[in-house]
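S.K.: I am sharing coords.txt, which consists of compact mmCIF, N, CA and C atoms:
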# COMPACT_ATOMS: atom_id res chain seq x y z
N MET A 396 92.17 109.20 129.27
CA MET A 396 92.49 109.22 127.86
C MET A 396 92.11 110.59 127.30
N ALA A 397 93.06 111.27 126.71
CA ALA A 397 92.81 112.56 126.08
C ALA A 397 93.12 112.45 124.60
N THR A 398 92.29 113.06 123.77
CA THR A 398 92.49 113.03 122.33
C THR A 398 92.49 114.44 121.77
N VAL A 399 93.45 114.72 120.92
CA VAL A 399 93.50 115.97 120.16
C VAL A 399 93.15 115.59 118.73
N GLU A 400 92.17 116.27 118.16
CA GLU A 400 91.78 116.00 116.79
C GLU A 400 92.10 117.21 115.92
N LEU A 401 92.58 116.94 114.73
CA LEU A 401 92.98 117.98 113.80
C LEU A 401 92.51 117.55 112.42
N SER A 402 91.90 118.46 111.70
CA SER A 402 91.59 118.19 110.30
C SER A 402 92.15 119.35 109.50
N PHE A 403 92.68 119.02 108.32
CA PHE A 403 93.30 120.07 107.52
C PHE A 403 93.07 119.83 106.04
N THR A 404 93.07 120.94 105.31
CA THR A 404 92.92 120.91 103.86
C THR A 404 94.10 120.15 103.27
N ALA A 405 93.85 119.40 102.24
CA ALA A 405 94.87 118.54 101.63
C ALA A 405 95.88 119.36 100.83
N LEU A 406 96.68 120.12 101.56
CA LEU A 406 97.76 120.90 100.96
C LEU A 406 99.08 120.50 101.61
N PRO A 407 100.14 120.35 100.83
CA PRO A 407 101.43 119.95 101.40
C PRO A 407 101.92 120.87 102.52
N ALA A 408 101.60 122.14 102.47
CA ALA A 408 102.04 123.08 103.50
C ALA A 408 101.51 122.71 104.88
N HIS A 409 100.38 122.03 104.95
CA HIS A 409 99.79 121.68 106.23
C HIS A 409 100.42 120.45 106.88
N ILE A 410 101.22 119.72 106.12
CA ILE A 410 101.88 118.53 106.66
C ILE A 410 102.85 118.94 107.76
N ARG A 411 103.56 120.02 107.56
CA ARG A 411 104.50 120.50 108.59
C ARG A 411 103.75 120.82 109.88
N THR A 412 102.60 121.46 109.76
CA THR A 412 101.81 121.78 110.94
C THR A 412 101.39 120.50 111.66
N ALA A 413 100.95 119.51 110.91
CA ALA A 413 100.54 118.23 111.51
C ALA A 413 101.70 117.59 112.26
N ARG A 414 102.90 117.63 111.67
CA ARG A 414 104.08 117.07 112.33
C ARG A 414 104.40 117.81 113.63
N LEU A 415 104.32 119.14 113.58
CA LEU A 415 104.61 119.94 114.78
C LEU A 415 103.61 119.66 115.90
N VAL A 416 102.33 119.59 115.55
CA VAL A 416 101.30 119.31 116.55
C VAL A 416 101.50 117.91 117.13
N ALA A 417 101.76 116.93 116.27
CA ALA A 417 101.96 115.56 116.74
C ALA A 417 103.15 115.47 117.69
N THR A 418 104.24 116.16 117.37
CA THR A 418 105.42 116.14 118.22
C THR A 418 105.13 116.79 119.57
N ALA A 419 104.42 117.90 119.57
CA ALA A 419 104.08 118.59 120.82
C ALA A 419 103.17 117.73 121.70
N VAL A 420 102.17 117.10 121.09
CA VAL A 420 101.25 116.25 121.86
C VAL A 420 101.98 115.00 122.36
N ALA A 421 102.87 114.44 121.54
CA ALA A 421 103.64 113.27 121.97
C ALA A 421 104.51 113.62 123.18
N ARG A 422 105.16 114.76 123.12
CA ARG A 422 105.99 115.20 124.26
C ARG A 422 105.12 115.34 125.50
N ARG A 423 103.98 115.97 125.36
CA ARG A 423 103.06 116.18 126.49
C ARG A 423 102.52 114.84 127.01
N SER A 424 102.42 113.84 126.14
CA SER A 424 101.91 112.52 126.53
C SER A 424 102.96 111.65 127.18
N GLY A 425 104.19 112.13 127.24
CA GLY A 425 105.24 111.36 127.91
C GLY A 425 106.06 110.46 127.00
N VAL A 426 106.01 110.68 125.69
CA VAL A 426 106.86 109.91 124.78
C VAL A 426 108.29 110.36 125.02
N ASP A 427 109.20 109.41 125.11
CA ASP A 427 110.60 109.71 125.36
C ASP A 427 111.16 110.63 124.27
N GLU A 428 112.00 111.56 124.69
CA GLU A 428 112.61 112.52 123.74
C GLU A 428 113.30 111.82 122.57
N SER A 429 113.88 110.65 122.82
CA SER A 429 114.59 109.93 121.76
C SER A 429 113.66 109.41 120.67
N LEU A 430 112.36 109.35 120.93
CA LEU A 430 111.38 108.85 119.95
C LEU A 430 110.64 109.96 119.21
N LEU A 431 110.83 111.20 119.63
CA LEU A 431 110.04 112.29 119.03
C LEU A 431 110.31 112.49 117.54
N ASP A 432 111.56 112.29 117.11
CA ASP A 432 111.84 112.40 115.67
C ASP A 432 111.13 111.29 114.90
N GLU A 433 111.03 110.11 115.49
CA GLU A 433 110.32 109.01 114.84
C GLU A 433 108.84 109.33 114.70
N VAL A 434 108.25 109.92 115.73
CA VAL A 434 106.84 110.34 115.67
C VAL A 434 106.68 111.37 114.56
N ARG A 435 107.53 112.37 114.56
CA ARG A 435 107.43 113.45 113.57
C ARG A 435 107.54 112.93 112.14
N ILE A 436 108.50 112.08 111.89
CA ILE A 436 108.71 111.57 110.53
C ILE A 436 107.56 110.64 110.12
N ALA A 437 107.14 109.75 111.01
CA ALA A 437 106.06 108.82 110.68
C ALA A 437 104.75 109.57 110.40
N VAL A 438 104.44 110.56 111.23
CA VAL A 438 103.22 111.35 111.00
C VAL A 438 103.35 112.10 109.68
N GLY A 439 104.51 112.63 109.38
CA GLY A 439 104.72 113.31 108.09
C GLY A 439 104.50 112.39 106.91
N GLU A 440 105.00 111.16 107.00
CA GLU A 440 104.82 110.19 105.92
C GLU A 440 103.34 109.85 105.73
N ALA A 441 102.65 109.58 106.83
CA ALA A 441 101.23 109.22 106.74
C ALA A 441 100.41 110.39 106.20
N CYS A 442 100.71 111.59 106.65
CA CYS A 442 99.97 112.76 106.17
C CYS A 442 100.30 113.06 104.71
N SER A 443 101.55 112.88 104.31
CA SER A 443 101.93 113.08 102.89
C SER A 443 101.16 112.14 101.99
N ARG A 444 101.05 110.89 102.41
CA ARG A 444 100.31 109.90 101.65
C ARG A 444 98.85 110.30 101.52
N ALA A 445 98.26 110.75 102.63
CA ALA A 445 96.85 111.15 102.63
C ALA A 445 96.64 112.39 101.76
N VAL A 446 97.52 113.37 101.87
CA VAL A 446 97.40 114.60 101.08
C VAL A 446 97.49 114.28 99.59
N ALA A 447 98.45 113.44 99.20
CA ALA A 447 98.60 113.08 97.79
C ALA A 447 97.33 112.41 97.25
N GLY A 448 96.76 111.50 98.03
CA GLY A 448 95.53 110.83 97.61
C GLY A 448 94.37 111.79 97.50
N HIS A 449 94.25 112.68 98.47
CA HIS A 449 93.15 113.65 98.45
C HIS A 449 93.29 114.61 97.28
N GLN A 450 94.49 115.04 96.97
CA GLN A 450 94.68 115.95 95.84
C GLN A 450 94.26 115.30 94.53
N ARG A 451 94.47 113.98 94.41
CA ARG A 451 94.07 113.28 93.18
C ARG A 451 92.58 112.98 93.13
N HIS A 452 91.99 112.61 94.27
CA HIS A 452 90.64 112.06 94.24
C HIS A 452 89.55 112.91 94.91
N CYS A 453 89.90 113.67 95.93
CA CYS A 453 88.87 114.44 96.64
C CYS A 453 89.50 115.67 97.31
N PRO A 454 89.97 116.62 96.50
CA PRO A 454 90.71 117.76 97.05
C PRO A 454 89.93 118.61 98.04
N GLY A 455 88.62 118.56 98.03
CA GLY A 455 87.82 119.35 98.95
C GLY A 455 87.62 118.72 100.32
N GLU A 456 87.98 117.45 100.46
CA GLU A 456 87.80 116.74 101.72
C GLU A 456 89.02 116.91 102.62
N PRO A 457 88.82 117.11 103.92
CA PRO A 457 89.98 117.27 104.81
C PRO A 457 90.62 115.93 105.19
N VAL A 458 91.91 115.99 105.48
CA VAL A 458 92.64 114.88 106.06
C VAL A 458 92.41 114.99 107.57
N ARG A 459 92.23 113.88 108.25
CA ARG A 459 91.95 113.90 109.68
C ARG A 459 93.08 113.22 110.46
N LEU A 460 93.40 113.84 111.58
CA LEU A 460 94.47 113.36 112.44
C LEU A 460 93.93 113.31 113.87
N ALA A 461 94.10 112.17 114.53
CA ALA A 461 93.69 112.03 115.93
C ALA A 461 94.91 111.60 116.73
N LEU A 462 95.21 112.33 117.80
CA LEU A 462 96.36 112.07 118.65
C LEU A 462 95.83 111.72 120.03
N THR A 463 96.06 110.49 120.48
CA THR A 463 95.45 110.02 121.71
C THR A 463 96.49 109.56 122.72
N ASP A 464 96.33 110.03 123.94
CA ASP A 464 97.17 109.65 125.07
C ASP A 464 96.47 108.52 125.80
N LEU A 465 96.94 107.30 125.60
CA LEU A 465 96.40 106.13 126.29
C LEU A 465 97.30 105.79 127.46
N VAL A 466 96.90 104.87 128.30
CA VAL A 466 97.73 104.44 129.42
C VAL A 466 98.95 103.72 128.85
N GLY A 467 100.11 104.32 128.98
CA GLY A 467 101.35 103.71 128.52
C GLY A 467 101.59 103.76 127.02
N ARG A 468 100.71 104.40 126.25
CA ARG A 468 100.85 104.46 124.78
C ARG A 468 100.45 105.85 124.29
N PHE A 469 101.09 106.26 123.22
CA PHE A 469 100.69 107.46 122.49
C PHE A 469 100.30 106.97 121.09
N GLU A 470 99.09 107.27 120.68
CA GLU A 470 98.56 106.75 119.42
C GLU A 470 98.21 107.89 118.47
N VAL A 471 98.56 107.71 117.21
CA VAL A 471 98.24 108.66 116.16
C VAL A 471 97.47 107.92 115.07
N GLU A 472 96.37 108.51 114.64
CA GLU A 472 95.60 107.93 113.54
C GLU A 472 95.41 108.99 112.47
N VAL A 473 95.87 108.68 111.25
CA VAL A 473 95.70 109.56 110.09
C VAL A 473 94.67 108.89 109.21
N THR A 474 93.59 109.62 108.92
CA THR A 474 92.49 109.07 108.14
C THR A 474 92.29 109.90 106.88
N ASP A 475 92.20 109.21 105.76
CA ASP A 475 91.88 109.91 104.51
C ASP A 475 90.64 109.29 103.90
N THR A 476 89.99 110.05 103.05
CA THR A 476 88.78 109.57 102.39
C THR A 476 88.98 109.51 100.88
N SER A 477 90.22 109.39 100.44
CA SER A 477 90.50 109.35 99.02
C SER A 477 90.31 107.95 98.45
N ALA A 478 89.94 107.89 97.21
CA ALA A 478 89.79 106.64 96.45
C ALA A 478 89.00 105.57 97.20
N PRO A 479 87.76 105.87 97.60
CA PRO A 479 86.99 104.84 98.30
C PRO A 479 86.70 103.65 97.39
N VAL A 480 86.57 102.50 98.00
CA VAL A 480 86.24 101.28 97.28
C VAL A 480 84.72 101.14 97.31
N ALA A 481 84.09 101.01 96.16
CA ALA A 481 82.63 100.90 96.10
C ALA A 481 82.21 99.45 95.95
N ASP A 482 81.37 98.97 96.86
CA ASP A 482 80.81 97.62 96.79
C ASP A 482 81.85 96.54 96.57
N GLY A 483 82.99 96.68 97.23
CA GLY A 483 84.02 95.66 97.13
C GLY A 483 84.79 95.67 95.82
N GLN A 484 84.51 96.63 94.96
CA GLN A 484 85.23 96.72 93.70
C GLN A 484 86.51 97.51 93.90
N SER A 485 87.59 97.05 93.32
CA SER A 485 88.86 97.74 93.52
C SER A 485 89.10 98.82 92.48
N GLY A 486 88.41 98.80 91.37
CA GLY A 486 88.61 99.82 90.34
C GLY A 486 89.91 99.61 89.60
N ALA A 487 90.19 100.50 88.64
CA ALA A 487 91.36 100.35 87.80
C ALA A 487 92.67 100.44 88.58
N ASP A 488 92.71 101.32 89.56
CA ASP A 488 93.95 101.50 90.31
C ASP A 488 94.01 100.65 91.57
N GLY A 489 92.93 99.95 91.90
CA GLY A 489 92.90 99.14 93.11
C GLY A 489 92.61 100.00 94.33
N PRO A 490 92.31 99.37 95.45
CA PRO A 490 91.95 100.12 96.64
C PRO A 490 93.11 100.90 97.24
N ALA A 491 94.33 100.52 96.96
CA ALA A 491 95.47 101.21 97.53
C ALA A 491 96.05 102.23 96.55
N ALA A 492 95.21 102.84 95.73
CA ALA A 492 95.67 103.78 94.73
C ALA A 492 96.36 104.99 95.34
N THR A 493 96.10 105.28 96.59
CA THR A 493 96.72 106.44 97.22
C THR A 493 98.09 106.12 97.80
N ALA A 494 98.47 104.86 97.86
CA ALA A 494 99.76 104.50 98.43
C ALA A 494 100.89 104.89 97.48
N LEU A 495 102.07 105.09 98.02
CA LEU A 495 103.22 105.33 97.18
C LEU A 495 103.41 104.10 96.31
N PRO A 496 104.00 104.27 95.12
CA PRO A 496 104.05 103.17 94.15
C PRO A 496 104.52 101.83 94.71
N ASP A 497 105.56 101.82 95.49
CA ASP A 497 106.05 100.53 95.98
C ASP A 497 105.81 100.34 97.47
N GLY A 498 104.94 101.14 98.05
CA GLY A 498 104.66 101.02 99.47
C GLY A 498 105.76 101.57 100.34
N LEU A 499 106.65 102.38 99.76
CA LEU A 499 107.78 102.91 100.50
C LEU A 499 107.34 103.71 101.73
N GLY A 500 106.32 104.55 101.59
CA GLY A 500 105.85 105.35 102.72
C GLY A 500 105.39 104.48 103.87
N ILE A 501 104.67 103.42 103.56
CA ILE A 501 104.19 102.50 104.59
C ILE A 501 105.36 101.78 105.26
N ALA A 502 106.36 101.41 104.46
CA ALA A 502 107.55 100.75 105.01
C ALA A 502 108.30 101.69 105.96
N VAL A 503 108.38 102.95 105.61
CA VAL A 503 109.04 103.93 106.48
C VAL A 503 108.27 104.05 107.79
N ILE A 504 106.96 104.17 107.69
CA ILE A 504 106.12 104.28 108.89
C ILE A 504 106.29 103.05 109.78
N ALA A 505 106.25 101.88 109.17
CA ALA A 505 106.39 100.63 109.93
C ALA A 505 107.75 100.54 110.62
N GLY A 506 108.77 101.13 110.01
CA GLY A 506 110.09 101.12 110.61
C GLY A 506 110.25 102.11 111.75
N LEU A 507 109.39 103.12 111.80
CA LEU A 507 109.50 104.17 112.81
C LEU A 507 108.58 103.99 114.00
N ALA A 508 107.38 103.49 113.75
CA ALA A 508 106.39 103.36 114.82
C ALA A 508 106.57 102.02 115.54
N ASP A 509 106.20 102.00 116.81
CA ASP A 509 106.28 100.79 117.60
C ASP A 509 105.25 99.77 117.12
N GLU A 510 104.04 100.26 116.83
CA GLU A 510 102.96 99.43 116.29
C GLU A 510 102.28 100.19 115.16
N VAL A 511 101.87 99.48 114.10
CA VAL A 511 101.18 100.09 112.97
C VAL A 511 100.02 99.21 112.55
N GLN A 512 98.86 99.83 112.34
CA GLN A 512 97.69 99.13 111.80
C GLN A 512 97.16 99.96 110.64
N ILE A 513 96.90 99.29 109.52
CA ILE A 513 96.34 99.97 108.35
C ILE A 513 94.99 99.35 108.07
N SER A 514 93.98 100.21 107.98
CA SER A 514 92.62 99.74 107.71
C SER A 514 92.11 100.43 106.46
N GLU A 515 91.65 99.63 105.50
CA GLU A 515 91.04 100.18 104.29
C GLU A 515 89.57 99.78 104.27
N THR A 516 88.71 100.77 104.08
CA THR A 516 87.28 100.53 103.97
C THR A 516 86.75 101.29 102.78
N ASP A 517 85.45 101.19 102.56
CA ASP A 517 84.86 101.96 101.47
C ASP A 517 84.85 103.46 101.78
N LEU A 518 85.17 103.83 103.01
CA LEU A 518 85.23 105.24 103.40
C LEU A 518 86.63 105.82 103.27
N GLY A 519 87.63 104.98 103.03
CA GLY A 519 89.00 105.45 102.90
C GLY A 519 89.98 104.59 103.65
N THR A 520 91.12 105.19 103.99
CA THR A 520 92.20 104.47 104.64
C THR A 520 92.57 105.15 105.96
N SER A 521 92.86 104.32 106.94
CA SER A 521 93.28 104.81 108.24
C SER A 521 94.61 104.15 108.58
N ILE A 522 95.58 104.97 108.96
CA ILE A 522 96.87 104.46 109.43
C ILE A 522 96.97 104.81 110.90
N ARG A 523 97.04 103.80 111.74
CA ARG A 523 97.14 103.98 113.19
C ARG A 523 98.54 103.56 113.62
N MET A 524 99.23 104.47 114.29
CA MET A 524 100.60 104.24 114.75
C MET A 524 100.65 104.50 116.24
N SER A 525 101.52 103.79 116.96
CA SER A 525 101.65 104.08 118.38
C SER A 525 103.07 103.88 118.86
N TRP A 526 103.37 104.55 119.98
CA TRP A 526 104.67 104.51 120.63
C TRP A 526 104.44 104.41 122.13
N PRO A 527 105.41 103.86 122.86
CA PRO A 527 105.28 103.81 124.33
C PRO A 527 105.37 105.21 124.93
N SER A 528 104.66 105.41 126.02
CA SER A 528 104.74 106.70 126.73
C SER A 528 104.68 106.44 128.23
N SER A 529 105.13 107.41 128.96
CA SER A 529 105.11 107.29 130.42
C SER A 529 103.94 108.04 131.03
N GLY A 530 103.02 108.47 130.20
CA GLY A 530 101.88 109.25 130.69
C GLY A 530 102.15 110.72 130.53
N PRO A 531 101.13 111.53 130.60
CA PRO A 531 101.32 112.97 130.36
C PRO A 531 102.19 113.61 131.43
N SER A 532 103.04 114.54 130.97
CA SER A 532 103.84 115.31 131.92
C SER A 532 103.00 116.48 132.41
N ARG A 533 103.17 116.83 133.62
CA ARG A 533 102.34 117.90 134.20
C ARG A 533 103.16 119.15 134.41
Can you give me the file's structure in the form of structure tokens?
M.R.:
Amino acid sequence: MATVELSFTALPAHIRTARLVATAVARRSGVDESLLDEVRIAVGEACSRAVAGHQRHCPGEPVRLALTDLVGRFEVEVTDTSAPVADGQSGADGPAATALPDGLGIAVIAGLADEVQISETDLGTSIRMSWPSSGPSR
């Protein structure tokens, strides 16, 4: 299992870099060429959501991206620390204040990734996506 970790300042310009890195690591992990656009778009959506939340709530905190080559799977996790929930309180905007208004970004991600898990904690939100892979190409 190999993991590439990337953290970046919450600026829209860095989303393109995150997409490019994710696509390159997915290709190296053996994700089929026909799925690479899905990886790129899903990572872009998750990073856009995280950047928007960070710009509103914690612009100085980095967005984190972990790209992991598992046996038969390529996994991407985008983690943000925006709008934390304190002591189980949802606040005026609720715990999902960083989500797009109607959850459109999450719906796009769910339509593109093979598997999606969303975890919300008092530390922020994590979106974990995965696709099948044939293992790293050498």
S.K.: Find the spatial neighbours of Thr418 (chain A), counting only N, CA and C atoms, within a cut-off of 7 Å - ignore same-chain residues fewer than 4 positions away - and output them as an NGL selection string.
M.R.: :A and (413-414 or 422-423 or 431 or 434-435)
S.K.: Please indicate the distance in Å from CA of Gly467 (chain A) to CA of Gln512 (chain A), rounded to one decimal place.
M.R.: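 That distance, rounded to one decimal, is 17.7 Å.
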S.K.: May I ask which of the residues A:Glu456, A:Asp464, A:Glu515, A:Glu470 is the closest one to Val438 (chain A), counting only C-alpha atoms?
M.R.: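 For Val438 (chain A), the nearest of the candidates is A:Glu470.
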S.K.: Tell me which protein, DNA and RNA residues are within 12 Å of Thr404 (chain A), counting only C-alpha atoms, leaving out same-chain ones fewer than 4 positions away, and put them as a PyMOL selection string.
M.R.: chain A and resi 408-410+412-413+442-443+445-447+449-450+453-460+475
S.K.: If you measure from CA of Ile501 (chain A) to CA of Arg411 (chain A), what distance in Å do you get, rounded to one decimal?
M.R.: 18.4 Å
S.K.: Going by DSSP on the backbone, which residues of chain A come out as helix (DSSP H, G or I)? List them as a PyMOL selection string.
M.R.: chain A and resi 408-423+428-452+499-507
S.K.: What separation in Å, quoted to one decimal, exists between CA of Ile513 (chain A) and atom C of Ala419 (chain A)?
M.R.: 23.2 Å
S.K.: A:Val511, A:Leu415, A:Ser529, A:Phe469: which is nearest Gly439 (chain A), counting only N, CA and C atoms?
M.R.: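 Checking each candidate against Gly439 (chain A), we get A:Leu415 as the closest.
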